[in-house]
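Printed here is start_6.txt (compact mmCIF, N, CA and C atoms):
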```txt
# COMPACT_ATOMS: atom_id res chain seq x y z
N MET A 1 -183.79 2.47 -112.57
CA MET A 1 -183.92 1.81 -113.85
C MET A 1 -182.71 2.11 -114.75
N ALA A 2 -182.23 3.35 -114.72
CA ALA A 2 -181.08 3.73 -115.55
C ALA A 2 -179.83 2.97 -115.11
N GLU A 3 -179.72 2.72 -113.80
CA GLU A 3 -178.55 1.99 -113.29
C GLU A 3 -178.55 0.55 -113.80
N ILE A 4 -179.70 -0.10 -113.80
CA ILE A 4 -179.81 -1.47 -114.30
C ILE A 4 -179.46 -1.50 -115.79
N GLU A 5 -179.98 -0.53 -116.54
CA GLU A 5 -179.69 -0.46 -117.97
C GLU A 5 -178.19 -0.24 -118.21
N HIS A 6 -177.57 0.61 -117.39
CA HIS A 6 -176.13 0.86 -117.51
C HIS A 6 -175.34 -0.42 -117.23
N ASP A 7 -175.73 -1.17 -116.19
CA ASP A 7 -175.05 -2.43 -115.87
C ASP A 7 -175.20 -3.45 -116.99
N LEU A 8 -176.38 -3.51 -117.61
CA LEU A 8 -176.60 -4.43 -118.72
C LEU A 8 -175.71 -4.06 -119.91
N HIS A 9 -175.57 -2.79 -120.20
CA HIS A 9 -174.71 -2.36 -121.30
C HIS A 9 -173.25 -2.67 -121.00
N ARG A 10 -172.84 -2.47 -119.77
CA ARG A 10 -171.46 -2.77 -119.37
C ARG A 10 -171.19 -4.27 -119.47
N CYS A 11 -172.15 -5.08 -119.03
CA CYS A 11 -172.01 -6.54 -119.13
C CYS A 11 -171.97 -6.96 -120.58
N ASP A 12 -172.86 -6.43 -121.40
CA ASP A 12 -172.89 -6.77 -122.81
C ASP A 12 -171.58 -6.39 -123.48
N ALA A 13 -171.04 -5.24 -123.15
CA ALA A 13 -169.77 -4.79 -123.73
C ALA A 13 -168.64 -5.72 -123.32
N ALA A 14 -168.64 -6.16 -122.08
CA ALA A 14 -167.60 -7.06 -121.60
C ALA A 14 -167.69 -8.42 -122.28
N VAL A 15 -168.89 -8.95 -122.43
CA VAL A 15 -169.08 -10.24 -123.10
C VAL A 15 -168.70 -10.12 -124.58
N THR A 16 -169.09 -9.02 -125.20
CA THR A 16 -168.72 -8.80 -126.60
C THR A 16 -167.21 -8.75 -126.75
N LEU A 17 -166.52 -8.07 -125.85
CA LEU A 17 -165.06 -8.01 -125.88
C LEU A 17 -164.46 -9.40 -125.70
N ALA A 18 -164.98 -10.16 -124.74
CA ALA A 18 -164.46 -11.52 -124.49
C ALA A 18 -164.62 -12.39 -125.73
N PHE A 19 -165.77 -12.35 -126.36
CA PHE A 19 -165.99 -13.19 -127.53
C PHE A 19 -165.26 -12.68 -128.77
N SER A 20 -164.89 -11.41 -128.80
CA SER A 20 -164.10 -10.92 -129.93
C SER A 20 -162.71 -11.57 -129.92
N VAL A 21 -162.25 -11.96 -128.74
CA VAL A 21 -160.97 -12.67 -128.63
C VAL A 21 -161.19 -14.18 -128.65
N LEU A 22 -162.07 -14.66 -127.81
CA LEU A 22 -162.25 -16.10 -127.64
C LEU A 22 -163.07 -16.73 -128.75
N GLY A 23 -163.82 -15.93 -129.47
CA GLY A 23 -164.66 -16.46 -130.53
C GLY A 23 -163.90 -16.77 -131.82
N LYS A 24 -162.65 -16.38 -131.87
CA LYS A 24 -161.86 -16.65 -133.07
C LYS A 24 -161.41 -18.09 -133.07
N ARG A 25 -161.47 -18.70 -134.24
CA ARG A 25 -161.06 -20.09 -134.37
C ARG A 25 -159.64 -20.26 -133.86
N TRP A 26 -159.41 -21.33 -133.14
CA TRP A 26 -158.13 -21.76 -132.59
C TRP A 26 -157.79 -21.16 -131.23
N ASN A 27 -158.30 -19.97 -130.89
CA ASN A 27 -157.86 -19.33 -129.64
C ASN A 27 -158.13 -20.18 -128.41
N GLY A 28 -159.30 -20.79 -128.34
CA GLY A 28 -159.61 -21.65 -127.20
C GLY A 28 -158.66 -22.84 -127.11
N MET A 29 -158.34 -23.42 -128.26
CA MET A 29 -157.42 -24.56 -128.28
C MET A 29 -156.02 -24.15 -127.87
N ILE A 30 -155.59 -22.97 -128.29
CA ILE A 30 -154.27 -22.48 -127.91
C ILE A 30 -154.21 -22.26 -126.40
N VAL A 31 -155.22 -21.60 -125.86
CA VAL A 31 -155.25 -21.35 -124.41
C VAL A 31 -155.28 -22.67 -123.66
N SER A 32 -156.10 -23.61 -124.10
CA SER A 32 -156.17 -24.92 -123.44
C SER A 32 -154.83 -25.64 -123.50
N SER A 33 -154.16 -25.58 -124.64
CA SER A 33 -152.85 -26.22 -124.78
C SER A 33 -151.83 -25.61 -123.82
N LEU A 34 -151.89 -24.30 -123.66
CA LEU A 34 -150.96 -23.64 -122.75
C LEU A 34 -151.33 -23.88 -121.29
N GLY A 35 -152.51 -24.42 -121.05
CA GLY A 35 -152.91 -24.76 -119.68
C GLY A 35 -152.02 -25.82 -119.06
N GLY A 36 -151.34 -26.58 -119.89
CA GLY A 36 -150.40 -27.59 -119.40
C GLY A 36 -149.04 -27.04 -119.06
N GLY A 37 -148.83 -25.76 -119.31
CA GLY A 37 -147.55 -25.13 -119.00
C GLY A 37 -146.97 -24.46 -120.23
N PRO A 38 -145.86 -23.74 -120.05
CA PRO A 38 -145.24 -23.02 -121.17
C PRO A 38 -144.91 -23.96 -122.32
N SER A 39 -144.92 -23.39 -123.51
CA SER A 39 -144.71 -24.20 -124.70
C SER A 39 -144.00 -23.37 -125.77
N THR A 40 -143.30 -24.05 -126.66
CA THR A 40 -142.68 -23.38 -127.79
C THR A 40 -143.68 -23.31 -128.94
N PHE A 41 -143.34 -22.52 -129.93
CA PHE A 41 -144.18 -22.38 -131.11
C PHE A 41 -144.39 -23.73 -131.79
N VAL A 42 -143.31 -24.48 -131.95
CA VAL A 42 -143.39 -25.78 -132.64
C VAL A 42 -144.29 -26.74 -131.85
N ALA A 43 -144.14 -26.77 -130.54
CA ALA A 43 -144.97 -27.65 -129.71
C ALA A 43 -146.44 -27.24 -129.80
N LEU A 44 -146.71 -25.94 -129.84
CA LEU A 44 -148.09 -25.48 -129.98
C LEU A 44 -148.66 -25.86 -131.35
N ARG A 45 -147.84 -25.74 -132.38
CA ARG A 45 -148.31 -26.11 -133.72
C ARG A 45 -148.70 -27.59 -133.76
N ARG A 46 -147.93 -28.43 -133.06
CA ARG A 46 -148.27 -29.86 -132.99
C ARG A 46 -149.53 -30.09 -132.16
N ALA A 47 -149.69 -29.33 -131.09
CA ALA A 47 -150.82 -29.52 -130.18
C ALA A 47 -152.14 -29.05 -130.80
N VAL A 48 -152.07 -28.05 -131.66
CA VAL A 48 -153.27 -27.50 -132.29
C VAL A 48 -153.28 -27.97 -133.75
N ALA A 49 -153.73 -29.18 -133.94
CA ALA A 49 -153.69 -29.81 -135.27
C ALA A 49 -154.49 -29.02 -136.29
N GLY A 50 -153.87 -28.79 -137.44
CA GLY A 50 -154.55 -28.13 -138.54
C GLY A 50 -154.29 -26.64 -138.65
N ILE A 51 -153.66 -26.05 -137.66
CA ILE A 51 -153.41 -24.61 -137.70
C ILE A 51 -152.14 -24.34 -138.52
N SER A 52 -152.17 -23.28 -139.30
CA SER A 52 -150.98 -22.91 -140.09
C SER A 52 -150.04 -22.07 -139.22
N ASP A 53 -148.80 -21.99 -139.63
CA ASP A 53 -147.82 -21.17 -138.90
C ASP A 53 -148.26 -19.71 -138.83
N THR A 54 -148.76 -19.21 -139.94
CA THR A 54 -149.17 -17.80 -139.99
C THR A 54 -150.32 -17.52 -139.04
N VAL A 55 -151.31 -18.39 -139.05
CA VAL A 55 -152.47 -18.19 -138.17
C VAL A 55 -152.06 -18.35 -136.71
N LEU A 56 -151.23 -19.34 -136.40
CA LEU A 56 -150.77 -19.51 -135.03
C LEU A 56 -150.01 -18.28 -134.56
N SER A 57 -149.15 -17.76 -135.39
CA SER A 57 -148.41 -16.55 -135.04
C SER A 57 -149.35 -15.38 -134.78
N ASP A 58 -150.35 -15.20 -135.66
CA ASP A 58 -151.32 -14.12 -135.49
C ASP A 58 -152.12 -14.30 -134.21
N ARG A 59 -152.59 -15.53 -133.96
CA ARG A 59 -153.40 -15.78 -132.77
C ARG A 59 -152.60 -15.58 -131.48
N LEU A 60 -151.35 -16.01 -131.48
CA LEU A 60 -150.50 -15.80 -130.29
C LEU A 60 -150.30 -14.31 -130.03
N ALA A 61 -150.11 -13.53 -131.09
CA ALA A 61 -149.96 -12.08 -130.94
C ALA A 61 -151.25 -11.46 -130.38
N GLU A 62 -152.40 -11.90 -130.88
CA GLU A 62 -153.69 -11.39 -130.39
C GLU A 62 -153.90 -11.74 -128.92
N LEU A 63 -153.59 -12.98 -128.57
CA LEU A 63 -153.75 -13.40 -127.17
C LEU A 63 -152.79 -12.66 -126.25
N ALA A 64 -151.59 -12.37 -126.76
CA ALA A 64 -150.63 -11.58 -125.97
C ALA A 64 -151.13 -10.15 -125.81
N ASP A 65 -151.66 -9.56 -126.89
CA ASP A 65 -152.21 -8.20 -126.82
C ASP A 65 -153.39 -8.11 -125.85
N ALA A 66 -154.15 -9.21 -125.75
CA ALA A 66 -155.29 -9.25 -124.84
C ALA A 66 -154.86 -9.51 -123.40
N GLY A 67 -153.58 -9.79 -123.19
CA GLY A 67 -153.08 -10.03 -121.84
C GLY A 67 -153.29 -11.44 -121.33
N LEU A 68 -153.58 -12.38 -122.24
CA LEU A 68 -153.83 -13.76 -121.83
C LEU A 68 -152.60 -14.65 -121.96
N VAL A 69 -151.67 -14.27 -122.82
CA VAL A 69 -150.47 -15.06 -123.09
C VAL A 69 -149.25 -14.15 -122.98
N ALA A 70 -148.19 -14.68 -122.40
CA ALA A 70 -146.91 -13.97 -122.32
C ALA A 70 -145.90 -14.66 -123.22
N ARG A 71 -145.13 -13.87 -123.94
CA ARG A 71 -144.09 -14.38 -124.84
C ARG A 71 -142.74 -14.08 -124.20
N THR A 72 -141.90 -15.12 -124.08
CA THR A 72 -140.59 -14.96 -123.47
C THR A 72 -139.52 -15.41 -124.46
N VAL A 73 -138.51 -14.55 -124.65
CA VAL A 73 -137.40 -14.87 -125.55
C VAL A 73 -136.16 -15.12 -124.70
N ASP A 74 -135.56 -16.30 -124.89
CA ASP A 74 -134.31 -16.64 -124.22
C ASP A 74 -133.21 -16.48 -125.27
N ALA A 75 -132.27 -15.58 -125.01
CA ALA A 75 -131.25 -15.23 -126.01
C ALA A 75 -130.33 -16.38 -126.38
N GLY A 76 -130.35 -17.45 -125.59
CA GLY A 76 -129.61 -18.65 -125.95
C GLY A 76 -128.12 -18.52 -125.77
N PRO A 77 -127.29 -19.14 -126.56
CA PRO A 77 -127.69 -19.83 -127.77
C PRO A 77 -128.25 -21.21 -127.46
N PRO A 78 -129.11 -21.74 -128.29
CA PRO A 78 -129.81 -21.06 -129.37
C PRO A 78 -130.94 -20.19 -128.82
N VAL A 79 -131.36 -19.23 -129.62
CA VAL A 79 -132.49 -18.39 -129.24
C VAL A 79 -133.74 -19.25 -129.18
N THR A 80 -134.48 -19.15 -128.08
CA THR A 80 -135.74 -19.89 -127.97
C THR A 80 -136.84 -18.92 -127.54
N VAL A 81 -138.02 -19.18 -128.03
CA VAL A 81 -139.20 -18.38 -127.68
C VAL A 81 -140.21 -19.33 -127.06
N SER A 82 -140.74 -18.94 -125.91
CA SER A 82 -141.77 -19.77 -125.29
C SER A 82 -142.98 -18.90 -124.98
N TYR A 83 -144.11 -19.56 -124.87
CA TYR A 83 -145.38 -18.90 -124.60
C TYR A 83 -145.98 -19.54 -123.36
N ALA A 84 -146.58 -18.71 -122.52
CA ALA A 84 -147.20 -19.20 -121.29
C ALA A 84 -148.44 -18.35 -121.00
N LEU A 85 -149.36 -18.93 -120.28
CA LEU A 85 -150.54 -18.18 -119.87
C LEU A 85 -150.18 -17.18 -118.79
N THR A 86 -150.79 -16.02 -118.84
CA THR A 86 -150.70 -15.05 -117.76
C THR A 86 -151.72 -15.46 -116.70
N ALA A 87 -151.79 -14.69 -115.64
CA ALA A 87 -152.80 -14.97 -114.60
C ALA A 87 -154.21 -14.89 -115.21
N GLY A 88 -154.42 -13.94 -116.10
CA GLY A 88 -155.72 -13.82 -116.77
C GLY A 88 -156.03 -15.04 -117.62
N GLY A 89 -155.02 -15.54 -118.31
CA GLY A 89 -155.19 -16.74 -119.13
C GLY A 89 -155.46 -17.96 -118.27
N GLU A 90 -154.76 -18.06 -117.15
CA GLU A 90 -155.00 -19.18 -116.21
C GLU A 90 -156.43 -19.14 -115.68
N GLY A 91 -156.92 -17.93 -115.40
CA GLY A 91 -158.28 -17.79 -114.89
C GLY A 91 -159.33 -18.17 -115.92
N LEU A 92 -158.95 -18.15 -117.17
CA LEU A 92 -159.87 -18.49 -118.25
C LEU A 92 -160.08 -20.00 -118.40
N LEU A 93 -159.13 -20.80 -117.96
CA LEU A 93 -159.20 -22.26 -118.16
C LEU A 93 -160.48 -22.89 -117.60
N PRO A 94 -160.86 -22.62 -116.34
CA PRO A 94 -162.10 -23.24 -115.86
C PRO A 94 -163.34 -22.72 -116.58
N ILE A 95 -163.29 -21.48 -117.05
CA ILE A 95 -164.42 -20.92 -117.79
C ILE A 95 -164.56 -21.64 -119.13
N LEU A 96 -163.44 -21.89 -119.81
CA LEU A 96 -163.49 -22.64 -121.07
C LEU A 96 -164.02 -24.05 -120.85
N ASP A 97 -163.59 -24.69 -119.75
CA ASP A 97 -164.11 -26.02 -119.44
C ASP A 97 -165.61 -25.99 -119.21
N ASP A 98 -166.08 -25.01 -118.44
CA ASP A 98 -167.51 -24.88 -118.18
C ASP A 98 -168.28 -24.58 -119.47
N LEU A 99 -167.74 -23.73 -120.31
CA LEU A 99 -168.40 -23.39 -121.57
C LEU A 99 -168.49 -24.62 -122.46
N GLY A 100 -167.44 -25.42 -122.51
CA GLY A 100 -167.46 -26.65 -123.30
C GLY A 100 -168.49 -27.64 -122.78
N THR A 101 -168.59 -27.78 -121.48
CA THR A 101 -169.58 -28.67 -120.87
C THR A 101 -170.98 -28.19 -121.19
N TRP A 102 -171.21 -26.88 -121.04
CA TRP A 102 -172.52 -26.32 -121.35
C TRP A 102 -172.87 -26.53 -122.83
N ALA A 103 -171.93 -26.26 -123.71
CA ALA A 103 -172.17 -26.40 -125.16
C ALA A 103 -172.51 -27.84 -125.53
N SER A 104 -171.79 -28.79 -124.93
CA SER A 104 -172.07 -30.20 -125.22
C SER A 104 -173.48 -30.59 -124.78
N ALA A 105 -173.94 -30.02 -123.70
CA ALA A 105 -175.25 -30.38 -123.16
C ALA A 105 -176.40 -29.61 -123.81
N ASN A 106 -176.10 -28.45 -124.39
CA ASN A 106 -177.19 -27.58 -124.82
C ASN A 106 -177.22 -27.18 -126.29
N LEU A 107 -176.14 -27.35 -127.00
CA LEU A 107 -176.13 -26.92 -128.38
C LEU A 107 -176.14 -28.13 -129.30
N VAL A 108 -176.88 -28.04 -130.37
CA VAL A 108 -177.01 -29.12 -131.33
C VAL A 108 -176.02 -28.88 -132.46
N ARG A 109 -175.23 -29.92 -132.77
CA ARG A 109 -174.31 -29.82 -133.91
C ARG A 109 -175.10 -29.98 -135.19
N ARG A 110 -174.78 -29.20 -136.16
CA ARG A 110 -175.45 -29.29 -137.47
C ARG A 110 -174.55 -29.92 -138.45
```

Before we go any further, please render this structure as structure tokens.
Amino acid sequence: MAEIEHDLHRCDAAVTLAFSVLGKRWNGMIVSSLGGGPSTFVALRRAVAGISDTVLSDRLAELADAGLVARTVDAGPPVTVSYALTAGGEGLLPILDDLGTWASANLVRR
């Protein structure tokens, strides 16, 4: 019984950690946008309509800290910065698709 309880706590902790990153507004859209391949900051800002530069910068840093996004700086000239999904971020794409499908079928918009 203690082993089952331990597994439930570990699962709950993992889900809580996942939603602490993915539950933030814009993060799912950023990850989905990067699913098409590496992108610059400006291209991401266009792809994620309504996001401010400050919030996009913060979210990209959070996703990079979580190991889902990699930031690459090309010294140029001109200096360019691009963002791409890591293997962990790539693995998240089908999960986001499944979650969106489930939400559309099961959750009521208010």

- Query: So which one's closest to A:Ser32, A:Glu62, A:Leu68, A:Val81, A:Ala75? Using only C-alpha atoms, please.
  - Reply: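 The closest residue to A:Ser32 is A:Leu68.
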
Q. A:Gly37: which residues within 8 Å, counting only N, CA and C atoms, same-chain residues fewer than 6 positions away excluded, as a PyMOL selection string?
A. chain A and resi 83-85

Min atom-atom distance to A:Leu96 from the set A:Gly28, A:Arg109, A:Ala13, A:Pro77, counting only N, CA and C atoms, belongs to A:Gly28

Can you list, as a list of chain:residue names, every residue of stretch 6-109 of chain A that DSSP puts in strand (DSSP E or B)?
A:Ser39, A:Thr40, A:Val69, A:Ala70, A:Arg71, A:Thr72, A:Val73, A:Asp74, A:Thr80, A:Val81, A:Ser82, A:Tyr83, A:Ala84, A:Leu85

Check: At what distance in Å, to one decimal, does atom CA of A:Asn27 lie from atom CA of A:Leu63?
Finding: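 Between these atoms lies a distance of 7.6 Å.
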
From the DSSP assignment of the backbone, select every residue of chain A that is helix (DSSP H, G or I), and format the answer as a ChimeraX atom specification.
-> /A:2-22,27-34,41-47,53-65,87-106

For A:Val31, which residue among A:Leu93, A:Ile51, A:Leu56, A:Leu17 is the nearest when counting only C-alpha atoms?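 That would be A:Leu93, the residue with the smallest distance to A:Val31.
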
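Here atom C of A:Thr40 stands at a distance of 6.1 Å from atom N of A:Ser82.
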
A straight line from atom N of A:Ser52 to atom N of A:Asn106 spans 28.7 Å

Ranking A:Gly23, A:Ala14, A:Ala70, A:Thr54 by minimum distance to A:Leu99 and counting only C-alpha atoms, which one comes first?
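For A:Leu99, the nearest of the given residues is A:Gly23.
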
Could you check the closest approach to A:Glu90 for each of A:Leu34, A:Ser57, A:Arg110, A:Leu44 and tell me which residue wins, using all atoms listed in the file?
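Looking only at the distances to A:Glu90, the closest residue turns out to be A:Leu34.
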
8 Å per side around stretch 59-75 of chain A: axis-aligned box centre and edge lengths, as AutoDock Vina command-line options:
```
--center_x -142.8 --center_y -12.4 --center_z -127.6 --size_x 41.0 --size_y 24.5 --size_z 28.6
```

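Comparing A:Ala49, A:Gly89, A:Asp98, A:Ala105 by their smallest distance to A:Gly35, the closest is A:Gly89 (using only N, CA and C atoms).
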